[in-house]
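Notes follow the structure.
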Amino acid sequence: MTTANKITIIVLAILIAIISLWYGQNHGLLPAAVAPEAEAIDGLFDFMMIIATGLFLLIQGLLIYTAIRFRRKPSDDTDGPPIEGNVALEIVWTGIPTVIVLILSIYSFEVYSTIGGLNPKAAKDEGPQPVAEETQSEQGLMASASDYLALGLGESPANQAKNLTPLSIDVNAIQYAFLFTYPDTGVVASELHVPVGQPIQLNISAGDVIHAFWVPQLRLKQDAIPGREAQLSFTPEKPGTYPIICAELCGPYHGAMKTNLIIESQQDYEAWLQQQQVAQSESLDNAVALENSNSLLTPYANQLGVNQQLLDELKAYSQ
Amino acid sequence: MTTPVSTSQTEPQRNWKDYFTFNTDHKVIGIQYLVTSFIFYLIGGALAAAIRTELATPESDFVDPEVYNQLFTVHGTVMIFLWIVPAGAGLANYLIPLMIGAKDMAFPRLNAVAFWLIPVGGLLLMASFFIEAPQAGWTSYPPLSLTMGQVGEEIWILSVLILGTSSILGAINFLATIIKMRIPEMGWFDMPLFCWSMVATAIMVLLSTPVLAAALIMLSFDLLVGTSFFDPNGGGDPVVYQHMFWFYSHPAVYIMILPFFGVISDILPVHARKPIFGYRAIALSSLAISFLSLIVWAHHMFTTGTPAWLRIFFMATTMAVAIPTGIKVFGWCATIWGGKLRLNSAMLFGIGFVSSFVIGGLSGVMLASTPFDLHAHDTYFVVGHFHYVLFGGSVLGLFGAIYHWFPKMTGRYMNEFWGKVHFWLTLIGLNITFLPMHELGLEGMNRRIAIYDAEFQPLNVVATLGSYLLAVSTFPFMINVVWAIFKGQPASGNPWKALTLEWQTSSPPLIENFEEEPVLWCGPYDYGIDVPPEDQQSVQELLSEVKTDMGR
Amino acid sequence: MQGSTVNPSQEELQYAETATTEQEHEDHRMFGVVLFLVAESMIFFGLFSAYLIYYFVMPEWPPEGTPELELLLPGVNSLILISSSFVMHRGQTAIKNDDVSGLRFWFTLTAIMGAIFLGGQVYEYSTLEFGLTTNLFASCFYVLTGFHGMHVTLGLFLILFVLLRSRRDNHYSSESHFGVEASELYWHFVDVVWIILFGLVYLL
């Protein structure tokens, strides 16, 4: 290898490294991050993006360069050099991916632990709960609201250290709506309101088929499985309105199963809660779901089978 | 070439009618597989075009939401079970006996049965559009699949069971043939890499497909008889289905890509005129992938009912798949590096395969990371990822294989100009269609939806236009194939001057493949070895020389 | 290769002939049977895994109110099935010594034992207090034993088929007795599956 070649390779390597480092942190592919959990996951994604960009440039560059530089000359019918392998090189390219995935695994493990995934209260799968007995009763739609702690993400170690008590909210997913119950006040809402800075713990369950609770801005997702309770914990940081999306196919109107996560100040949150309490104690006969459900879904209400009986069931459940 | 079979006076010719019968010749069956699966590819592609048309606008306006769910359910099922898996089996059928110097597969009649199950299962699935189409996705998760229409769901189950049986029978044949019927001189490490990849594929089929069958049998009981294996209302557990389903369906991804890893390992050395770089590493990495594939399934379930230890364990095993895959990709790059590249259509598709597959591989490693998967699971990021693997990987590999072995199968070359047009349209179309999906998913668009947020429309329009380009790209290919069969330039027995055994017979090969048992006179990829550059001796001449040396 | 029905062209007939002669000096059929049984065992592996997951994750297993399974009849039944494997093996030993009548005797005995096993199963089904859809355990019980019973039935037909074939002169000899070997291997497989199944469903 000549010195000129060495220099070219070093220059190219540095160039790839610079481009990867820059692009990995400026890809602009992710929406706003509104919780520390989201930021932790973004850090991981950026890191993976840096490595991926590097490898992408390396391999695509190699392919394009090879395809141009090593074309067969029109008159040349001979074979190329009979190189059958190179043990040192092969060890290198087995070793490098091994090291990369090892680092990625450890980093992912760290992040998963930071966001509360290893919290022993949430990380243990208690298995399906007996819903059979309950569904034989009249509230057939509802899964058991057991006291078991379930799978998913638990309280993050950082919040545990601060000794904050999380605000617990029950999420029940049904075709095609989310229902949020605030156990402390008994308020039932179709949108999720949370105060900023307050650790939240969602207890997620499903009433009919499998759904999933996803907020892209939180980078968090958890399936809602009928008969099981799952948990998701996060600490909202940036006020605003963000979409809550059902991410698991749940029927023809799956795409319309959306609502909002509203992160607001403590005062706004309390005012909203109070207003809800008053409204719900006054007019119990009003249609909770129809009134509050988002505009995208309302036109489908009839096709979805949202009728008086369903609403009664919901009401019975919410009490 | 002279008279091939002692029992017949003149060389028997294949009649076009043979291709419509229960023929037991592996070459006929191979072509039957390829043509049938290509027809289903067109059907699956039409469904994809309908899906993309619906997604050109945020509202649900082109088709009903129910119909939309049927479209993507059948699209997924067709593309997996009726296009890529059988197309891989078709290539394997055609090539394995030729590559190992055998007259036919180990069990020719079983082979024909395996093929004829494909149209049966396929037509059954197609019939569902006229009765009641399944609409619970190709994953068919209960309890949704138990509530979306009994008839459609049961048709889907039966059709997948039939197609699964076909692929199990095929796998038995491939393994028996490769293990037992190689010519005596051919040791394990003298086999073409395609055979290695088919060994790995067949092992996976044999070990994982039956588990899917078990899951579908249980699902049928739930659906028809009213048991509650997977129905929480009766005390069952839907997550058990997911475990069983993915125990098959993750290996299924490798079942779909590994044959084409083999194809690429065979195409690149021939057209680069260089030995494959690191034969043993590439051969054994296929087996490593097939082993790992059996212990990674739950990475599809990071957000469902899985406890933390399981999520972490499956993250680690999934990441480990990157190692054998990396060995292959770097091996391919090193193979073409420094060669004398013939950039014909087969080679272009081969290089295009590596290029696109790398993108799918990199996003695959990202998805393996549990915390990131919490965000990306069930979004368009995943859709983009697996289309890069299965379209950018498997389909490009398959087209490469067709351009490469078409002269062998028909005795005629395909047109190079239109082959290159086909390649560039496909490569550009695939990147326009599937690259924007990554961003869509990261920004917050989930998969399997007919109705989406208006902010995602621009990128969706791009993807839709790309998909139309992909649709257009198949026309040059189809015309090229039909034209080449009748009018293509005649090809010799070994048009690419390749060294594997299938090129030692005439094109198309005789009914029993070889005039006499072929001679293994060099390794499968010994390009540039023993051939002095100034000596323009052809492979044929060398072969005859070796034969005289051996006193034949 | 068993008898063929579809063979339209003359040329293909010749082809099939040569293929058959080819197989005489190298017979891969037993290897194929082994591979097939690997696939079969994976179906049972899937069903057993599902059962084990239920066993471990369900809060209560078997679910409340499931009547105890009786052990005596199935126990005797199991003993009959397991010993039938040994009986059957004597049939293969007999044919290896070119003793066709011995083969016939031992295989008939095996068939009878298999039929007794199936009869016992049917009797057990008829006396059980739960049905297919009573609860998860009941469904598992019926699907597992039923699926296994289907395999026993198939094995029984294979044995009867061998018996039928053995009436032809010189069909089986010490050199060529693929049918005997294959059906025996299948029967052993069905036996082993039953032992695991019995352990899981009745004893665990």
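Identifiers for the structure tokens are assigned positionally: chains receive A, B, ... in sequence, residues are indexed from 1 per chain, and ligands are indexed from 1 in the order shown.
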All residues 12 Å or closer to Gly146 in chain C, only C-alpha atoms, same chain fewer than 2 positions away omitted, as number ranges by chain: C: 44, 47, 118, 121-122, 124-125, 132, 138-144, 148-153, 194, 197
Write out the residues from the selection above, keeping N, CA and C atoms, as a tab-separated table (two decimals), in the first residue's frame.
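The resulting out.tsv:
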chain	number	residue	atom	x	y	z
C	44	PHE	N	-45.98	-31.17	18.02
C	44	PHE	CA	-46.26	-31.52	19.41
C	44	PHE	C	-45.50	-30.61	20.36
C	47	LEU	N	-47.56	-27.56	20.75
C	47	LEU	CA	-48.73	-27.77	21.62
C	47	LEU	C	-48.29	-27.92	23.08
C	118	LEU	N	-56.81	-47.13	21.73
C	118	LEU	CA	-57.78	-46.17	21.20
C	118	LEU	C	-59.14	-46.36	21.85
C	121	GLN	N	-59.17	-44.86	25.14
C	121	GLN	CA	-59.28	-43.40	25.04
C	121	GLN	C	-60.73	-42.98	24.85
C	122	VAL	N	-61.39	-43.68	23.93
C	122	VAL	CA	-62.79	-43.33	23.66
C	122	VAL	C	-63.61	-43.54	24.92
C	124	GLU	N	-62.55	-43.37	27.98
C	124	GLU	CA	-62.23	-42.31	28.93
C	124	GLU	C	-62.97	-41.02	28.57
C	125	TYR	N	-62.98	-40.69	27.28
C	125	TYR	CA	-63.70	-39.49	26.84
C	125	TYR	C	-65.15	-39.56	27.29
C	132	LEU	N	-65.15	-30.39	25.68
C	132	LEU	CA	-64.08	-29.66	25.00
C	132	LEU	C	-64.00	-28.20	25.42
C	138	ALA	N	-59.57	-28.29	30.02
C	138	ALA	CA	-60.33	-29.30	29.28
C	138	ALA	C	-60.01	-29.21	27.79
C	139	SER	N	-59.95	-27.97	27.26
C	139	SER	CA	-59.63	-27.82	25.84
C	139	SER	C	-58.26	-28.39	25.55
C	140	CYS	N	-57.27	-28.05	26.41
C	140	CYS	CA	-55.93	-28.57	26.21
C	140	CYS	C	-55.95	-30.09	26.24
C	141	PHE	N	-56.67	-30.63	27.23
C	141	PHE	CA	-56.71	-32.08	27.39
C	141	PHE	C	-57.22	-32.75	26.12
C	142	TYR	N	-58.34	-32.26	25.63
C	142	TYR	CA	-58.94	-32.91	24.46
C	142	TYR	C	-58.10	-32.71	23.20
C	143	VAL	N	-57.58	-31.49	23.04
C	143	VAL	CA	-56.81	-31.25	21.81
C	143	VAL	C	-55.52	-32.07	21.82
C	144	LEU	N	-54.83	-32.10	22.95
C	144	LEU	CA	-53.58	-32.85	23.01
C	144	LEU	C	-53.82	-34.34	22.82
C	148	HIS	N	-53.02	-36.59	19.50
C	148	HIS	CA	-52.20	-37.79	19.62
C	148	HIS	C	-52.98	-39.01	19.15
C	149	GLY	N	-54.26	-39.08	19.54
C	149	GLY	CA	-55.10	-40.20	19.12
C	149	GLY	C	-55.17	-40.31	17.61
C	150	MET	N	-55.22	-39.13	16.96
C	150	MET	CA	-55.23	-39.12	15.50
C	150	MET	C	-53.97	-39.79	14.96
C	151	HIS	N	-52.85	-39.50	15.61
C	151	HIS	CA	-51.60	-40.10	15.17
C	151	HIS	C	-51.59	-41.60	15.41
C	152	VAL	N	-52.16	-42.03	16.55
C	152	VAL	CA	-52.23	-43.47	16.82
C	152	VAL	C	-53.06	-44.13	15.73
C	153	THR	N	-54.18	-43.48	15.40
C	153	THR	CA	-55.04	-44.05	14.36
C	153	THR	C	-54.29	-44.19	13.04
C	194	TRP	N	-46.59	-39.92	23.53
C	194	TRP	CA	-47.58	-40.24	24.55
C	194	TRP	C	-46.96	-40.17	25.94
C	197	LEU	N	-46.75	-36.63	26.84
C	197	LEU	CA	-48.10	-36.11	27.02
C	197	LEU	C	-48.71	-36.58	28.34
Enumerate the residues of range 59-212 of chain B with a DSSP assignment of helix (DSSP H, G or I), computed from the backbone, and present them as an MDAnalysis selection string. chainID B and resid 65:100 108:131 144:147 150:180 188:190 193:212
Any idea which chain B residues end up within 6 Å of chain C if we count only C-alpha atoms, as a PDB file with N, CA and C atoms, in the first residue's frame please?
ATOM      1  N   ILE B 172     -38.039 -31.128   3.524  1.00  0.00           N
ATOM      2  CA  ILE B 172     -37.597 -32.518   3.690  1.00  0.00           C
ATOM      3  C   ILE B 172     -36.807 -32.940   2.449  1.00  0.00           C
ATOM      4  N   LEU B 206     -38.207 -26.791   8.823  1.00  0.00           N
ATOM      5  CA  LEU B 206     -38.573 -28.038   9.487  1.00  0.00           C
ATOM      6  C   LEU B 206     -38.850 -27.822  10.972  1.00  0.00           C
ATOM      7  N   PRO B 210     -43.926 -26.195  11.774  1.00  0.00           N
ATOM      8  CA  PRO B 210     -44.923 -26.985  12.500  1.00  0.00           C
ATOM      9  C   PRO B 210     -45.487 -26.267  13.718  1.00  0.00           C
ATOM     10  N   VAL B 211     -44.688 -25.401  14.338  1.00  0.00           N
ATOM     11  CA  VAL B 211     -45.202 -24.689  15.508  1.00  0.00           C
ATOM     12  C   VAL B 211     -46.311 -23.724  15.090  1.00  0.00           C
ATOM     13  N   ALA B 214     -49.336 -25.732  14.765  1.00  0.00           N
ATOM     14  CA  ALA B 214     -49.960 -25.973  16.071  1.00  0.00           C
ATOM     15  C   ALA B 214     -50.779 -24.760  16.495  1.00  0.00           C
ATOM     16  N   THR B 227     -63.567 -23.099  21.928  1.00  0.00           N
ATOM     17  CA  THR B 227     -62.615 -23.229  23.028  1.00  0.00           C
ATOM     18  C   THR B 227     -62.034 -21.847  23.284  1.00  0.00           C
TER      19      THR B 227
END
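Comparing the minimum interatomic distances between Val278 in chain A and each of A:Asn119, A:Thr98, A:Thr185, A:Asn159, counting only C-alpha atoms, we find that A:Thr185 sits nearest.
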Shell around range 51-63 of chain A at 10 Å using only C-alpha atoms, local window under 6 positions removed, as JSON, numbers by chain: {"A": [12, 13, 15, 16, 17, 18, 19, 20, 21, 22, 23, 24, 45, 69, 100, 104], "B": [329, 330, 332, 333, 334, 336, 337, 351, 352, 354, 355, 356, 358, 359, 361, 362, 363, 365, 366]}
Next, dump the selected residues to file, keeping only N, CA and C atoms, as a CSV table (one decimal), in the first residue's frame.
chain,number,residue,atom,x,y,z
A,12,LEU,N,-10.7,9.6,4.0
A,12,LEU,CA,-12.1,9.1,3.8
A,12,LEU,C,-12.7,8.7,5.1
A,13,ALA,N,-11.9,8.0,5.9
A,13,ALA,CA,-12.4,7.5,7.2
A,13,ALA,C,-12.8,8.6,8.1
A,15,LEU,N,-13.6,11.6,7.1
A,15,LEU,CA,-14.8,12.2,6.4
A,15,LEU,C,-16.1,11.5,6.8
A,16,ILE,N,-16.0,10.2,6.7
A,16,ILE,CA,-17.2,9.4,7.1
A,16,ILE,C,-17.5,9.6,8.5
A,17,ALA,N,-16.5,9.6,9.4
A,17,ALA,CA,-16.8,9.8,10.8
A,17,ALA,C,-17.4,11.1,11.0
A,18,ILE,N,-16.9,12.2,10.4
A,18,ILE,CA,-17.5,13.5,10.6
A,18,ILE,C,-18.9,13.5,10.1
A,19,ILE,N,-19.2,13.0,8.9
A,19,ILE,CA,-20.5,13.1,8.4
A,19,ILE,C,-21.5,12.3,9.3
A,20,SER,N,-21.0,11.1,9.8
A,20,SER,CA,-21.9,10.3,10.6
A,20,SER,C,-22.2,11.0,11.9
A,21,LEU,N,-21.1,11.5,12.5
A,21,LEU,CA,-21.3,12.2,13.8
A,21,LEU,C,-22.3,13.4,13.6
A,22,TRP,N,-22.2,14.1,12.5
A,22,TRP,CA,-23.0,15.2,12.3
A,22,TRP,C,-24.5,14.7,12.1
A,23,TYR,N,-24.6,13.8,11.1
A,23,TYR,CA,-26.0,13.4,10.7
A,23,TYR,C,-26.7,12.7,11.9
A,24,GLY,N,-25.9,11.9,12.6
A,24,GLY,CA,-26.6,11.2,13.7
A,24,GLY,C,-27.2,12.1,14.7
A,45,PHE,N,-31.1,6.5,20.1
A,45,PHE,CA,-31.4,6.5,18.7
A,45,PHE,C,-30.3,7.3,17.9
A,69,ARG,N,-14.7,1.3,-10.4
A,69,ARG,CA,-13.2,1.1,-10.5
A,69,ARG,C,-12.9,-0.2,-11.1
A,100,ILE,N,-19.7,-3.7,18.4
A,100,ILE,CA,-20.8,-2.7,18.2
A,100,ILE,C,-22.1,-3.2,18.8
A,104,LEU,N,-24.1,-1.6,21.9
A,104,LEU,CA,-25.5,-1.2,21.7
A,104,LEU,C,-26.4,-2.0,22.7
B,329,VAL,N,-22.1,-9.7,4.5
B,329,VAL,CA,-22.1,-8.5,3.7
B,329,VAL,C,-20.6,-8.1,3.4
B,330,PHE,N,-19.8,-8.1,4.4
B,330,PHE,CA,-18.4,-7.8,4.2
B,330,PHE,C,-17.7,-8.7,3.2
B,332,TRP,N,-19.2,-10.3,0.8
B,332,TRP,CA,-19.6,-10.0,-0.6
B,332,TRP,C,-18.8,-8.8,-1.1
B,333,CYS,N,-18.7,-7.7,-0.3
B,333,CYS,CA,-18.0,-6.5,-0.7
B,333,CYS,C,-16.6,-6.9,-1.1
B,334,ALA,N,-15.9,-7.8,-0.3
B,334,ALA,CA,-14.5,-8.1,-0.5
B,334,ALA,C,-14.4,-9.0,-1.8
B,336,ILE,N,-16.2,-8.7,-4.6
B,336,ILE,CA,-16.2,-8.0,-5.8
B,336,ILE,C,-15.1,-7.0,-5.9
B,337,TRP,N,-14.5,-6.7,-4.7
B,337,TRP,CA,-13.4,-5.7,-4.7
B,337,TRP,C,-12.2,-6.3,-5.4
B,351,ILE,N,-25.5,-6.5,-6.9
B,351,ILE,CA,-24.9,-5.4,-6.1
B,351,ILE,C,-26.1,-4.6,-5.5
B,352,GLY,N,-27.2,-4.4,-6.2
B,352,GLY,CA,-28.3,-3.7,-5.7
B,352,GLY,C,-28.9,-4.4,-4.5
B,354,VAL,N,-27.1,-6.2,-2.2
B,354,VAL,CA,-26.3,-5.9,-1.1
B,354,VAL,C,-26.6,-4.5,-0.6
B,355,SER,N,-26.7,-3.5,-1.5
B,355,SER,CA,-26.9,-2.1,-1.2
B,355,SER,C,-28.2,-2.0,-0.4
B,356,SER,N,-29.3,-2.5,-0.9
B,356,SER,CA,-30.6,-2.3,-0.3
B,356,SER,C,-30.7,-3.2,1.0
B,358,VAL,N,-28.4,-3.9,3.1
B,358,VAL,CA,-27.7,-3.2,4.2
B,358,VAL,C,-28.6,-2.2,4.9
B,359,ILE,N,-29.4,-1.5,4.1
B,359,ILE,CA,-30.3,-0.5,4.8
B,359,ILE,C,-31.3,-1.2,5.7
B,361,GLY,N,-30.9,-4.1,7.0
B,361,GLY,CA,-30.1,-4.7,8.1
B,361,GLY,C,-29.8,-3.7,9.2
B,362,LEU,N,-29.4,-2.5,8.8
B,362,LEU,CA,-29.1,-1.5,9.8
B,362,LEU,C,-30.3,-1.1,10.6
B,363,SER,N,-31.5,-0.9,9.9
B,363,SER,CA,-32.7,-0.5,10.7
B,363,SER,C,-33.1,-1.7,11.5
B,365,VAL,N,-31.1,-3.8,13.2
B,365,VAL,CA,-30.3,-3.7,14.4
B,365,VAL,C,-30.9,-2.6,15.3
B,366,MET,N,-31.3,-1.5,14.8
B,366,MET,CA,-32.0,-0.5,15.6
B,366,MET,C,-33.2,-1.0,16.3
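Around Pro183 in chain A, within 9 Å and counting only C-alpha atoms, the residues found are A:Ser168, A:Ile169, A:Asp170, A:Val188, once anything fewer than 5 positions away on its own chain is removed.
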Write to file, as a PDB file, in the first residue's frame, the residues of the selection just made, with C-alpha atoms.
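What ended up in again-v6.pdb:
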ATOM      1  CA  SER A 168     -51.957   6.788  38.869  1.00  0.00           C
ATOM      2  CA  ILE A 169     -54.418   6.816  35.980  1.00  0.00           C
ATOM      3  CA  ASP A 170     -56.297   3.826  34.573  1.00  0.00           C
ATOM      4  CA  VAL A 188     -63.611   9.540  33.491  1.00  0.00           C
TER       5      VAL A 188
END
Using only C-alpha atoms and a distance of at most 7 Å, pull out the residues of chain A that contact chain B, as a VMD selection string. chain A and resid 29 to 31 41 45 48 52 60 63 66 70 to 72 78 to 85 93 to 94 97 to 98 101 105 108 111 to 112 117 to 118 123 to 125 128 130 to 132 135 151 209 216 219 to 223 226 to 227 247 to 250 252 to 256
